[in-house]
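input-v2.tsv follows (TSV, C-alpha atoms and all ligand atoms):
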```
chain	number	residue	atom	x	y	z
A	1	MET	CA	-7.78	28.41	-1.26
A	2	PRO	CA	-9.19	26.73	1.87
A	3	GLU	CA	-10.95	23.41	1.23
A	4	THR	CA	-14.24	24.74	2.61
A	5	ASP	CA	-14.45	27.14	-0.35
A	6	SER	CA	-14.50	24.31	-2.85
A	7	ALA	CA	-18.27	23.87	-2.86
A	8	ALA	CA	-20.89	26.38	-3.99
A	9	PRO	CA	-22.88	28.30	-1.35
A	10	ARG	CA	-25.74	26.06	-0.23
A	11	ASN	CA	-29.07	27.71	-0.74
A	12	THR	CA	-31.64	25.46	-2.37
A	13	PRO	CA	-30.19	21.97	-1.99
A	14	LEU	CA	-29.96	19.91	-5.16
A	15	ALA	CA	-29.65	16.13	-5.47
A	16	ALA	CA	-29.68	13.85	-8.49
A	17	VAL	CA	-29.64	10.30	-9.76
A	18	LEU	CA	-26.81	9.54	-12.20
A	19	GLY	CA	-27.13	6.67	-14.64
A	20	TRP	CA	-26.85	5.75	-18.32
A	21	PRO	CA	-29.62	5.52	-19.40
A	22	ILE	CA	-31.68	7.16	-16.66
A	23	ALA	CA	-35.13	7.89	-18.11
A	24	HIS	CA	-36.63	4.77	-16.48
A	25	SER	CA	-35.59	5.74	-12.93
A	26	ARG	CA	-38.36	6.14	-10.37
A	27	SER	CA	-36.08	7.99	-7.94
A	28	PRO	CA	-37.05	11.52	-9.09
A	29	ARG	CA	-40.71	10.76	-8.45
A	30	LEU	CA	-39.87	9.21	-5.09
A	31	HIS	CA	-37.74	12.10	-3.80
A	32	GLY	CA	-40.07	14.64	-5.44
A	33	HIS	CA	-42.95	13.21	-3.40
A	34	TRP	CA	-41.00	13.63	-0.16
A	35	LEU	CA	-39.82	17.16	-1.03
A	36	GLN	CA	-43.38	18.21	-1.70
A	37	ARG	CA	-44.83	16.44	1.30
A	38	TYR	CA	-42.40	18.06	3.73
A	39	GLY	CA	-42.41	21.48	2.01
A	40	ILE	CA	-38.64	21.38	1.42
A	41	SER	CA	-37.36	23.80	-1.20
A	42	GLY	CA	-34.96	21.34	-2.80
A	43	HIS	CA	-34.80	19.61	-6.17
A	44	TYR	CA	-33.95	16.05	-7.24
A	45	VAL	CA	-33.19	15.56	-10.91
A	46	PRO	CA	-32.27	12.66	-13.23
A	47	LEU	CA	-28.87	13.17	-14.92
A	48	PRO	CA	-27.92	10.97	-17.87
A	49	VAL	CA	-24.14	10.54	-17.50
A	50	MET	CA	-22.00	8.41	-19.82
A	51	PRO	CA	-19.41	6.27	-18.02
A	52	GLU	CA	-16.49	8.23	-19.47
A	53	HIS	CA	-17.93	11.49	-18.07
A	54	LEU	CA	-18.67	10.30	-14.54
A	55	ALA	CA	-15.49	11.63	-12.89
A	56	GLU	CA	-15.82	15.05	-14.50
A	57	VAL	CA	-19.52	15.35	-13.60
A	58	LEU	CA	-18.94	14.32	-9.97
A	59	ARG	CA	-16.16	16.90	-9.58
A	60	ALA	CA	-18.42	19.66	-10.88
A	61	MET	CA	-21.59	18.82	-8.96
A	62	PRO	CA	-20.70	20.25	-5.51
A	63	ARG	CA	-19.80	23.58	-7.15
A	64	MET	CA	-23.24	23.64	-8.77
A	65	GLY	CA	-25.09	23.35	-5.46
A	66	PHE	CA	-25.56	19.59	-5.34
A	67	VAL	CA	-25.41	18.13	-1.82
A	68	GLY	CA	-25.45	14.51	-2.97
A	69	ALA	CA	-26.59	11.97	-5.50
A	70	ASN	CA	-27.75	8.46	-6.10
A	71	VAL	CA	-25.84	6.41	-8.64
A	72	THR	CA	-27.32	3.56	-10.61
A	73	ILE	CA	-26.36	1.27	-13.49
A	74	PRO	CA	-23.61	1.42	-14.82
A	75	HIS	CA	-21.90	3.60	-12.19
A	76	LYS	CA	-22.46	1.73	-8.91
A	77	GLU	CA	-19.08	-0.04	-8.97
A	78	SER	CA	-16.89	2.53	-10.73
A	79	VAL	CA	-17.92	5.32	-8.34
A	80	LEU	CA	-15.98	3.65	-5.52
A	81	ALA	CA	-12.68	4.60	-7.13
A	82	LEU	CA	-13.81	8.22	-7.46
A	83	ALA	CA	-15.04	8.70	-3.88
A	84	ASP	CA	-12.77	10.07	-1.14
A	85	VAL	CA	-14.49	8.13	1.65
A	86	VAL	CA	-16.12	4.72	1.14
A	87	THR	CA	-18.12	3.14	3.96
A	88	ASP	CA	-17.13	-0.38	5.06
A	89	ARG	CA	-20.38	-1.84	3.77
A	90	ALA	CA	-20.03	-0.22	0.33
A	91	ALA	CA	-16.47	-1.57	0.16
A	92	LEU	CA	-17.63	-5.06	1.18
A	93	ILE	CA	-20.48	-5.04	-1.31
A	94	GLY	CA	-18.22	-3.56	-3.99
A	95	ALA	CA	-20.74	-0.91	-5.03
A	96	ALA	CA	-22.28	2.35	-3.84
A	97	ASN	CA	-25.69	3.86	-4.53
A	98	THR	CA	-25.67	6.97	-2.32
A	99	LEU	CA	-23.18	9.85	-2.43
A	100	ILE	CA	-22.85	12.77	-0.07
A	101	PHE	CA	-20.90	15.84	-1.18
A	102	ARG	CA	-19.44	17.04	2.09
A	103	PRO	CA	-18.90	20.74	2.84
A	104	ASP	CA	-15.13	20.08	2.80
A	105	GLY	CA	-15.43	19.02	-0.85
A	106	LYS	CA	-14.96	15.31	-0.21
A	107	ILE	CA	-17.24	12.69	-1.78
A	108	HIS	CA	-18.62	10.13	0.67
A	109	ALA	CA	-19.97	6.88	-0.85
A	110	ASP	CA	-22.34	4.46	0.86
A	111	ASN	CA	-24.52	1.51	-0.10
A	112	THR	CA	-28.07	1.55	1.28
A	113	ASP	CA	-29.51	-1.34	-0.79
A	114	GLY	CA	-29.03	-3.85	2.03
A	115	TYR	CA	-30.63	-1.47	4.52
A	116	GLY	CA	-33.58	-1.01	2.12
A	117	PHE	CA	-33.91	-4.76	1.63
A	118	ILE	CA	-34.14	-5.49	5.37
A	119	ALA	CA	-36.27	-2.43	6.21
A	120	ASN	CA	-38.81	-3.50	3.57
A	121	ILE	CA	-39.16	-7.00	5.02
A	122	ARG	CA	-39.38	-5.67	8.58
A	123	GLN	CA	-42.13	-3.24	7.58
A	124	MET	CA	-44.16	-5.75	5.57
A	125	ALA	CA	-43.58	-8.81	7.79
A	126	PRO	CA	-42.86	-7.44	11.29
A	127	ASP	CA	-42.69	-10.92	12.87
A	128	TRP	CA	-39.95	-12.11	10.48
A	129	ILE	CA	-37.04	-13.51	12.51
A	130	PRO	CA	-33.97	-13.98	10.28
A	131	ASP	CA	-31.97	-16.09	12.72
A	132	LEU	CA	-34.55	-18.90	12.96
A	133	GLY	CA	-33.33	-20.69	9.85
A	134	PRO	CA	-31.31	-20.64	6.64
A	135	ALA	CA	-31.79	-18.04	3.92
A	136	ALA	CA	-31.60	-18.91	0.22
A	137	VAL	CA	-30.56	-16.27	-2.30
A	138	ILE	CA	-31.11	-16.91	-6.01
A	139	GLY	CA	-28.67	-14.79	-8.02
A	140	ALA	CA	-25.23	-13.35	-7.32
A	141	GLY	CA	-25.14	-9.99	-9.11
A	142	GLY	CA	-24.54	-6.57	-7.58
A	143	ALA	CA	-27.88	-6.41	-5.75
A	144	ALA	CA	-27.44	-9.97	-4.43
A	145	ARG	CA	-24.18	-8.89	-2.77
A	146	ALA	CA	-26.03	-6.20	-0.80
A	147	VAL	CA	-28.74	-8.72	0.12
A	148	VAL	CA	-26.16	-11.27	1.30
A	149	ALA	CA	-24.35	-8.67	3.42
A	150	SER	CA	-27.57	-7.51	5.07
A	151	LEU	CA	-28.93	-11.01	5.72
A	152	LEU	CA	-25.67	-12.08	7.37
A	153	GLU	CA	-25.66	-8.90	9.43
A	154	SER	CA	-29.26	-9.65	10.46
A	155	GLY	CA	-28.18	-13.00	11.90
A	156	VAL	CA	-29.17	-15.71	9.40
A	157	PRO	CA	-27.39	-18.89	10.56
A	158	GLU	CA	-26.69	-20.13	7.03
A	159	LEU	CA	-26.85	-18.41	3.66
A	160	ARG	CA	-27.37	-20.59	0.62
A	161	ILE	CA	-26.75	-19.15	-2.81
A	162	ALA	CA	-27.04	-20.33	-6.42
A	163	ASN	CA	-26.29	-18.41	-9.57
A	164	ARG	CA	-26.37	-19.29	-13.27
A	165	THR	CA	-22.71	-18.25	-13.44
A	166	ARG	CA	-21.40	-20.24	-10.49
A	167	ILE	CA	-18.13	-18.35	-10.14
A	168	ARG	CA	-19.97	-15.21	-8.98
A	169	ALA	CA	-21.57	-17.19	-6.13
A	170	GLU	CA	-18.16	-18.71	-5.27
A	171	GLN	CA	-16.73	-15.20	-5.15
A	172	ILE	CA	-19.41	-14.19	-2.65
A	173	LYS	CA	-18.55	-17.20	-0.50
A	174	ALA	CA	-14.86	-16.28	-0.64
A	175	GLU	CA	-15.60	-12.72	0.47
A	176	PHE	CA	-18.46	-13.22	2.93
A	177	GLY	CA	-17.27	-16.31	4.76
A	178	ALA	CA	-18.15	-19.70	6.12
A	179	LYS	CA	-21.91	-19.23	6.58
A	180	VAL	CA	-22.27	-19.03	2.78
A	181	VAL	CA	-23.00	-22.34	1.04
A	182	VAL	CA	-22.90	-22.43	-2.76
A	183	TYR	CA	-25.36	-24.63	-4.66
A	184	ASP	CA	-25.09	-25.51	-8.30
A	185	TRP	CA	-27.57	-23.64	-10.52
A	186	ALA	CA	-29.06	-26.95	-11.68
A	187	GLN	CA	-29.68	-27.83	-8.01
A	188	ALA	CA	-31.03	-24.41	-6.95
A	189	GLY	CA	-34.43	-25.93	-6.09
A	190	ASN	CA	-32.76	-28.15	-3.47
A	191	MET	CA	-31.43	-25.20	-1.49
A	192	LEU	CA	-35.00	-24.12	-0.73
A	193	GLU	CA	-35.58	-27.11	1.55
A	194	GLY	CA	-35.79	-25.82	5.12
A	195	ALA	CA	-34.98	-22.23	4.08
A	196	LEU	CA	-37.06	-19.66	5.97
A	197	THR	CA	-36.12	-16.63	3.86
A	198	VAL	CA	-36.01	-17.03	0.08
A	199	VAL	CA	-34.95	-14.20	-2.21
A	200	ASN	CA	-35.03	-13.81	-5.96
A	201	ALA	CA	-32.08	-11.48	-6.57
A	202	THR	CA	-31.91	-12.17	-10.30
A	203	SER	CA	-33.59	-9.99	-12.90
A	204	MET	CA	-35.75	-12.94	-13.96
A	205	GLY	CA	-39.49	-12.32	-13.73
A	206	MET	CA	-39.15	-8.66	-14.67
A	207	ALA	CA	-41.72	-7.49	-17.21
A	208	GLY	CA	-40.48	-8.51	-20.66
A	209	LYS	CA	-38.12	-11.19	-19.31
A	210	GLU	CA	-38.58	-14.88	-18.71
A	211	ALA	CA	-39.90	-16.05	-15.36
A	212	LEU	CA	-37.46	-17.54	-12.86
A	213	ARG	CA	-37.12	-21.23	-13.69
A	214	VAL	CA	-36.05	-22.57	-10.28
A	215	PRO	CA	-38.51	-25.30	-9.16
A	216	LEU	CA	-40.26	-24.33	-5.93
A	217	ASP	CA	-41.45	-27.83	-4.86
A	218	ALA	CA	-39.17	-27.78	-1.80
A	219	LEU	CA	-40.32	-24.33	-0.68
A	220	SER	CA	-41.85	-24.54	2.80
A	221	PRO	CA	-45.08	-22.64	3.58
A	222	ASP	CA	-43.21	-21.32	6.65
A	223	ALA	CA	-40.80	-19.44	4.42
A	224	LEU	CA	-40.94	-15.74	3.64
A	225	ALA	CA	-40.40	-15.14	-0.09
A	226	THR	CA	-39.25	-11.81	-1.45
A	227	ASP	CA	-38.22	-10.54	-4.85
A	228	LEU	CA	-35.97	-7.65	-5.83
A	229	VAL	CA	-37.88	-7.21	-9.08
A	230	TYR	CA	-40.81	-4.80	-8.65
A	231	THR	CA	-42.15	-4.54	-12.21
A	232	PRO	CA	-44.52	-6.34	-11.91
A	233	LEU	CA	-45.08	-6.12	-8.15
A	234	MET	CA	-46.25	-9.73	-8.02
A	235	THR	CA	-43.65	-11.60	-10.05
A	236	PRO	CA	-44.32	-15.19	-11.16
A	237	PHE	CA	-41.98	-16.28	-8.30
A	238	LEU	CA	-44.05	-14.42	-5.69
A	239	VAL	CA	-47.35	-15.64	-7.19
A	240	GLU	CA	-46.21	-19.26	-6.94
A	241	ALA	CA	-44.72	-18.80	-3.45
A	242	GLN	CA	-47.98	-17.27	-2.25
A	243	ALA	CA	-49.95	-20.15	-3.77
A	244	ARG	CA	-47.74	-22.50	-1.72
A	245	GLY	CA	-48.73	-20.68	1.46
A	246	CYS	CA	-45.65	-18.48	1.92
A	247	ARG	CA	-45.75	-14.89	3.10
A	248	VAL	CA	-44.53	-12.72	0.25
A	249	VAL	CA	-42.93	-9.27	0.19
A	250	ASP	CA	-42.58	-7.41	-3.11
A	251	GLY	CA	-39.47	-5.49	-4.15
A	252	LEU	CA	-40.89	-1.96	-4.36
A	253	GLY	CA	-40.41	-1.30	-0.65
A	254	MET	CA	-36.68	-1.99	-1.00
A	255	LEU	CA	-36.45	0.81	-3.56
A	256	LEU	CA	-38.39	3.15	-1.28
A	257	HIS	CA	-36.43	2.36	1.89
A	258	GLN	CA	-32.98	2.49	0.27
A	259	ALA	CA	-33.73	6.11	-0.67
A	260	ALA	CA	-34.50	7.28	2.88
A	261	PRO	CA	-30.95	7.62	4.31
A	262	GLY	CA	-29.81	9.73	1.35
A	263	PHE	CA	-32.84	12.00	1.56
A	264	GLU	CA	-32.23	12.53	5.27
A	265	ARG	CA	-28.57	13.43	4.76
A	266	TRP	CA	-29.24	15.79	1.84
A	267	PHE	CA	-32.45	17.48	2.92
A	268	GLY	CA	-32.31	17.18	6.72
A	269	ARG	CA	-35.45	15.19	7.38
A	270	ARG	CA	-36.01	11.47	7.85
A	271	PRO	CA	-38.78	10.66	5.35
A	272	GLU	CA	-41.59	8.18	5.85
A	273	VAL	CA	-42.12	5.11	3.70
A	274	ASP	CA	-45.86	4.51	3.57
A	275	GLU	CA	-48.79	3.77	1.28
A	276	ALA	CA	-48.91	7.35	-0.01
A	277	LEU	CA	-45.31	7.05	-1.20
A	278	ARG	CA	-45.96	3.66	-2.81
A	279	ALA	CA	-48.96	5.09	-4.65
A	280	ALA	CA	-46.99	8.14	-5.83
A	281	VAL	CA	-44.14	6.00	-7.17
A	282	LEU	CA	-46.52	3.55	-8.87
A	283	ALA	CA	-48.66	6.29	-10.44
B	1	LIG	P1	-26.84	-7.78	-12.15
B	1	LIG	O1	-25.63	-7.43	-11.36
B	1	LIG	O2	-26.83	-7.58	-13.63
B	1	LIG	O3	-27.20	-9.32	-11.83
B	1	LIG	C1	-28.24	-9.97	-12.52
B	1	LIG	C2	-28.49	-11.32	-11.87
B	1	LIG	O4	-29.54	-11.97	-12.59
B	1	LIG	C3	-27.29	-12.27	-11.92
B	1	LIG	O5	-27.34	-13.14	-10.83
B	1	LIG	C4	-27.55	-13.01	-13.25
B	1	LIG	O6	-26.89	-14.24	-13.35
B	1	LIG	C5	-29.04	-13.21	-13.14
B	1	LIG	N1	-29.65	-13.48	-14.43
B	1	LIG	C6	-29.85	-12.58	-15.43
B	1	LIG	N2	-30.42	-13.22	-16.50
B	1	LIG	C7	-30.56	-14.53	-16.14
B	1	LIG	C8	-31.07	-15.68	-16.81
B	1	LIG	N3	-31.56	-15.61	-18.05
B	1	LIG	N4	-31.07	-16.84	-16.13
B	1	LIG	C9	-30.59	-16.92	-14.89
B	1	LIG	N5	-30.08	-15.88	-14.19
B	1	LIG	C10	-30.08	-14.69	-14.83
B	1	LIG	O7	-28.12	-6.97	-11.65
B	1	LIG	P2	-28.43	-6.47	-10.16
B	1	LIG	O8	-28.02	-5.06	-10.02
B	1	LIG	O9	-27.90	-7.48	-9.21
B	1	LIG	O10	-30.03	-6.48	-10.17
B	1	LIG	C11	-30.76	-7.70	-10.12
B	1	LIG	C12	-32.25	-7.37	-10.10
B	1	LIG	O11	-32.57	-6.69	-8.89
B	1	LIG	C13	-32.69	-6.42	-11.23
B	1	LIG	O12	-33.94	-6.83	-11.71
B	1	LIG	C14	-32.79	-5.07	-10.54
B	1	LIG	O13	-33.74	-4.21	-11.17
B	1	LIG	C15	-33.27	-5.49	-9.17
B	1	LIG	N6	-32.93	-4.52	-8.11
B	1	LIG	C16	-33.96	-4.07	-7.34
B	1	LIG	C17	-33.71	-3.19	-6.31
B	1	LIG	C18	-34.84	-2.69	-5.46
B	1	LIG	O14	-34.68	-1.66	-4.81
B	1	LIG	N7	-35.95	-3.41	-5.43
B	1	LIG	C19	-32.38	-2.75	-6.06
B	1	LIG	C20	-31.35	-3.24	-6.87
B	1	LIG	C21	-31.65	-4.13	-7.90
B	1	LIG	P3	-25.44	-14.31	-14.07
B	1	LIG	O15	-24.45	-13.87	-13.02
B	1	LIG	O16	-25.30	-15.72	-14.45
B	1	LIG	O17	-25.49	-13.37	-15.24
```
Can you give me the file's structure in the form of structure tokens?
Ligand code: NAP
Amino acid sequence: MPETDSAAPRNTPLAAVLGWPIAHSRSPRLHGHWLQRYGISGHYVPLPVMPEHLAEVLRAMPRMGFVGANVTIPHKESVLALADVVTDRAALIGAANTLIFRPDGKIHADNTDGYGFIANIRQMAPDWIPDLGPAAVIGAGGAARAVVASLLESGVPELRIANRTRIRAEQIKAEFGAKVVVYDWAQAGNMLEGALTVVNATSMGMAGKEALRVPLDALSPDALATDLVYTPLMTPFLVEAQARGCRVVDGLGMLLHQAAPGFERWFGRRPEVDEALRAAVLA
């Protein structure tokens, strides 16, 4: 059978978000808003998929009319081994969040979190110039890796990083190179001195969790502070940074922007990220 026959005929395009659990995901609302706004006859559905079923589900999806998918916790790393084509940035980050099921049956995996992170800052703080000074990243989990990759690509001259589990920050330095400087978790406050971009990439400050404990005394009012956590929108970290005179950018825009490249590839239209979308996702 020729390879081009391996996928189902493409009538109404389907896309999904795969995770375990998945009920909390805002992606269906986000993509649903765009589908409705642009009058596209597609569907985007949440699919709860247990880790041991991921390979089987991914193999079946193209035959069911799916043109692509987002993957979230706990599949972002394991999906790399199941994809046929992995972009350089997904390989560097070690995780993918966006899959395209190509007409030839191959699965293409990309990571758009770093793109979403930078696009959000550029939209909310258009005069932000990353190469003017060091960036400081608090946290070294999966999302932090995408943030580090995108900040280095944007031209930050030095990238400081501290993580509770130091070895994860050391690993990032080993993989991302000489511009990365690792600070001890107990000294994380010190790395804020002179930093012009400061990022909370931990899950601290999320509703129901403790606030980030890093002291912000050294934070300059010239710095831009941003958080990956978006529930609440104004985390304790952003509230304090704003009180110190910093410009602050919340994490919701990263979620919205990271979704745009996938939507464009699946449904054929570059979607807009604007207030109407924010309101729809927050509703
Ligand atoms: P992850 O891989 O599990 O990493 C979690 C990070 O938080 C690690 O650095 C971890 O440190 C740190 N952390 C957790 N509990 C801590 C504590 N009690 N004290 C100090 N540090 C603690 O998660 P992730 O995927 O990177 O996600 C991180 C956050 O970003 C989550 O809140 C996630 O929802 C958010 N996120 C937002 C977007 C967006 O679009 N806005 C996209 C992706 C992720 P250790 O290494 O020491 O455990």
Worksheet item: Which value, in Å to one decimal, gives the distance between CA of Leu132 in chain A and CA of Gly194 in chain A?
Response: 10.5 Å
Could I get the residue neighbourhood of ligand LIG 1 (chain B) at 9 Å, counting all atoms listed in the file, as a tab-separated table (two decimals) with C-alpha atoms, keeping the file's coordinate frame?
```tsv
chain	number	residue	atom	x	y	z
A	72	THR	CA	-27.32	3.56	-10.61
A	73	ILE	CA	-26.36	1.27	-13.49
A	76	LYS	CA	-22.46	1.73	-8.91
A	113	ASP	CA	-29.51	-1.34	-0.79
A	114	GLY	CA	-29.03	-3.85	2.03
A	116	GLY	CA	-33.58	-1.01	2.12
A	117	PHE	CA	-33.91	-4.76	1.63
A	138	ILE	CA	-31.11	-16.91	-6.01
A	139	GLY	CA	-28.67	-14.79	-8.02
A	140	ALA	CA	-25.23	-13.35	-7.32
A	141	GLY	CA	-25.14	-9.99	-9.11
A	142	GLY	CA	-24.54	-6.57	-7.58
A	143	ALA	CA	-27.88	-6.41	-5.75
A	144	ALA	CA	-27.44	-9.97	-4.43
A	145	ARG	CA	-24.18	-8.89	-2.77
A	146	ALA	CA	-26.03	-6.20	-0.80
A	162	ALA	CA	-27.04	-20.33	-6.42
A	163	ASN	CA	-26.29	-18.41	-9.57
A	164	ARG	CA	-26.37	-19.29	-13.27
A	165	THR	CA	-22.71	-18.25	-13.44
A	166	ARG	CA	-21.40	-20.24	-10.49
A	167	ILE	CA	-18.13	-18.35	-10.14
A	168	ARG	CA	-19.97	-15.21	-8.98
A	169	ALA	CA	-21.57	-17.19	-6.13
A	185	TRP	CA	-27.57	-23.64	-10.52
A	200	ASN	CA	-35.03	-13.81	-5.96
A	201	ALA	CA	-32.08	-11.48	-6.57
A	202	THR	CA	-31.91	-12.17	-10.30
A	203	SER	CA	-33.59	-9.99	-12.90
A	204	MET	CA	-35.75	-12.94	-13.96
A	205	GLY	CA	-39.49	-12.32	-13.73
A	206	MET	CA	-39.15	-8.66	-14.67
A	209	LYS	CA	-38.12	-11.19	-19.31
A	210	GLU	CA	-38.58	-14.88	-18.71
A	211	ALA	CA	-39.90	-16.05	-15.36
A	212	LEU	CA	-37.46	-17.54	-12.86
A	213	ARG	CA	-37.12	-21.23	-13.69
A	227	ASP	CA	-38.22	-10.54	-4.85
A	228	LEU	CA	-35.97	-7.65	-5.83
A	229	VAL	CA	-37.88	-7.21	-9.08
A	230	TYR	CA	-40.81	-4.80	-8.65
A	231	THR	CA	-42.15	-4.54	-12.21
A	250	ASP	CA	-42.58	-7.41	-3.11
A	251	GLY	CA	-39.47	-5.49	-4.15
A	252	LEU	CA	-40.89	-1.96	-4.36
A	253	GLY	CA	-40.41	-1.30	-0.65
A	254	MET	CA	-36.68	-1.99	-1.00
A	255	LEU	CA	-36.45	0.81	-3.56
A	256	LEU	CA	-38.39	3.15	-1.28
A	257	HIS	CA	-36.43	2.36	1.89
A	258	GLN	CA	-32.98	2.49	0.27
A	259	ALA	CA	-33.73	6.11	-0.67
```
Worksheet item: Looking at only C-alpha atoms, which of A:Leu47, A:Val180, A:Met124, A:Ala83 is the one that sits closest to Glu275 in chain A?
Response: A:Met124
Fill in: Between CA of Phe263 in chain A and CA of Trp34 in chain A, distance in Å (one decimal)
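Interatomic distance here is 8.5 Å.
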Worksheet entry | Sel. within 7 Å of pt (-27.9, 22.5, -1.8), counting all atoms listed in the file, output as a PyMOL selection string | chain A and resi 10-14+65-67
Item to complete: In the coordinates of the file, take the point (-33.0, -15.9, 9.9) and a cut-off of 10 Å; then, counting all atoms listed in the file, name each qualifying protein, DNA or RNA residue as a PyMOL selection string.
Response: chain A and resi 128-135+151-152+154-159+195-197
Practice prompt. Provide the CA of Gly189 in chain A to CA of Leu216 in chain A distance in Å, to one decimal place.
Written response: 6.0 Å
Practice prompt. Name the residues in contact with Asn70 in chain A at a cut-off of 12 Å, using all atoms listed in the file, excluding same-chain residues fewer than 2 positions from it; report them as a PyMOL selection string.
Written response: chain A and resi 14-19+22+25-28+31+44-47+58+66-68+72-76+79+95-101+108-113+255+258-263+265-266
Item to complete: Considering only C-alpha atoms, state which residue in the set A:Ala23, A:Ile121, A:Val147, A:Val182 is at the smallest distance from Leu224 in chain A.
Response: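 So, comparing all the options, the nearest one is A:Ile121.
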Practice prompt. Select, from A:Glu175, A:Asp274, A:Glu153, A:Glu56, the residue with the minimum atom-to-atom distance to Ile93 in chain A, counting only C-alpha atoms.
Written response: A:Glu175
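When all atoms listed in the file are used to measure the gap to Ile172 in chain A, the shortest distance among A:Phe267, A:Asp184, A:Val148, A:Val248 belongs to A:Val148.
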Starting from the block above, write range 124-140 of chain A out to a file with N, CA and C atoms, as a CSV table (one decimal), in the first residue's frame, please.
```
chain,number,residue,atom,x,y,z
A,124,MET,N,3.2,42.2,25.0
A,124,MET,CA,2.9,43.0,26.2
A,124,MET,C,3.9,44.1,26.5
A,125,ALA,N,5.1,43.9,26.1
A,125,ALA,CA,6.2,44.9,26.4
A,125,ALA,C,7.0,45.1,25.1
A,126,PRO,N,6.4,45.8,24.1
A,126,PRO,CA,7.0,45.9,22.8
A,126,PRO,C,8.4,46.5,22.8
A,127,ASP,N,8.8,47.3,23.8
A,127,ASP,CA,10.1,47.9,23.8
A,127,ASP,C,11.1,47.1,24.6
A,128,TRP,N,10.8,45.8,25.0
A,128,TRP,CA,11.7,44.9,25.7
A,128,TRP,C,12.9,44.6,24.7
A,129,ILE,N,14.1,44.8,25.2
A,129,ILE,CA,15.3,44.5,24.4
A,129,ILE,C,16.1,43.4,25.1
A,130,PRO,N,16.0,42.1,24.7
A,130,PRO,CA,16.6,41.1,25.5
A,130,PRO,C,18.2,41.2,25.6
A,131,ASP,N,18.8,41.8,24.6
A,131,ASP,CA,20.3,41.8,24.6
A,131,ASP,C,20.9,42.9,25.4
A,132,LEU,N,20.1,43.7,26.1
A,132,LEU,CA,20.6,44.8,26.9
A,132,LEU,C,21.2,44.4,28.2
A,133,GLY,N,20.9,43.2,28.7
A,133,GLY,CA,21.4,42.8,30.0
A,133,GLY,C,21.1,41.3,30.3
A,134,PRO,N,21.6,40.8,31.4
A,134,PRO,CA,21.4,39.4,31.8
A,134,PRO,C,19.9,39.1,32.0
A,135,ALA,N,19.6,37.8,31.8
A,135,ALA,CA,18.3,37.3,32.2
A,135,ALA,C,18.5,36.3,33.3
A,136,ALA,N,17.5,36.3,34.2
A,136,ALA,CA,17.6,35.3,35.4
A,136,ALA,C,16.4,34.4,35.3
A,137,VAL,N,16.6,33.1,35.3
A,137,VAL,CA,15.5,32.2,35.2
A,137,VAL,C,15.5,31.4,36.5
A,138,ILE,N,14.3,31.4,37.2
A,138,ILE,CA,14.1,30.7,38.5
A,138,ILE,C,13.4,29.4,38.1
A,139,GLY,N,14.1,28.3,38.3
A,139,GLY,CA,13.5,27.0,37.9
A,139,GLY,C,14.2,26.3,36.8
A,140,ALA,N,14.2,25.0,36.7
A,140,ALA,CA,14.9,24.3,35.6
A,140,ALA,C,14.2,23.1,35.2
```
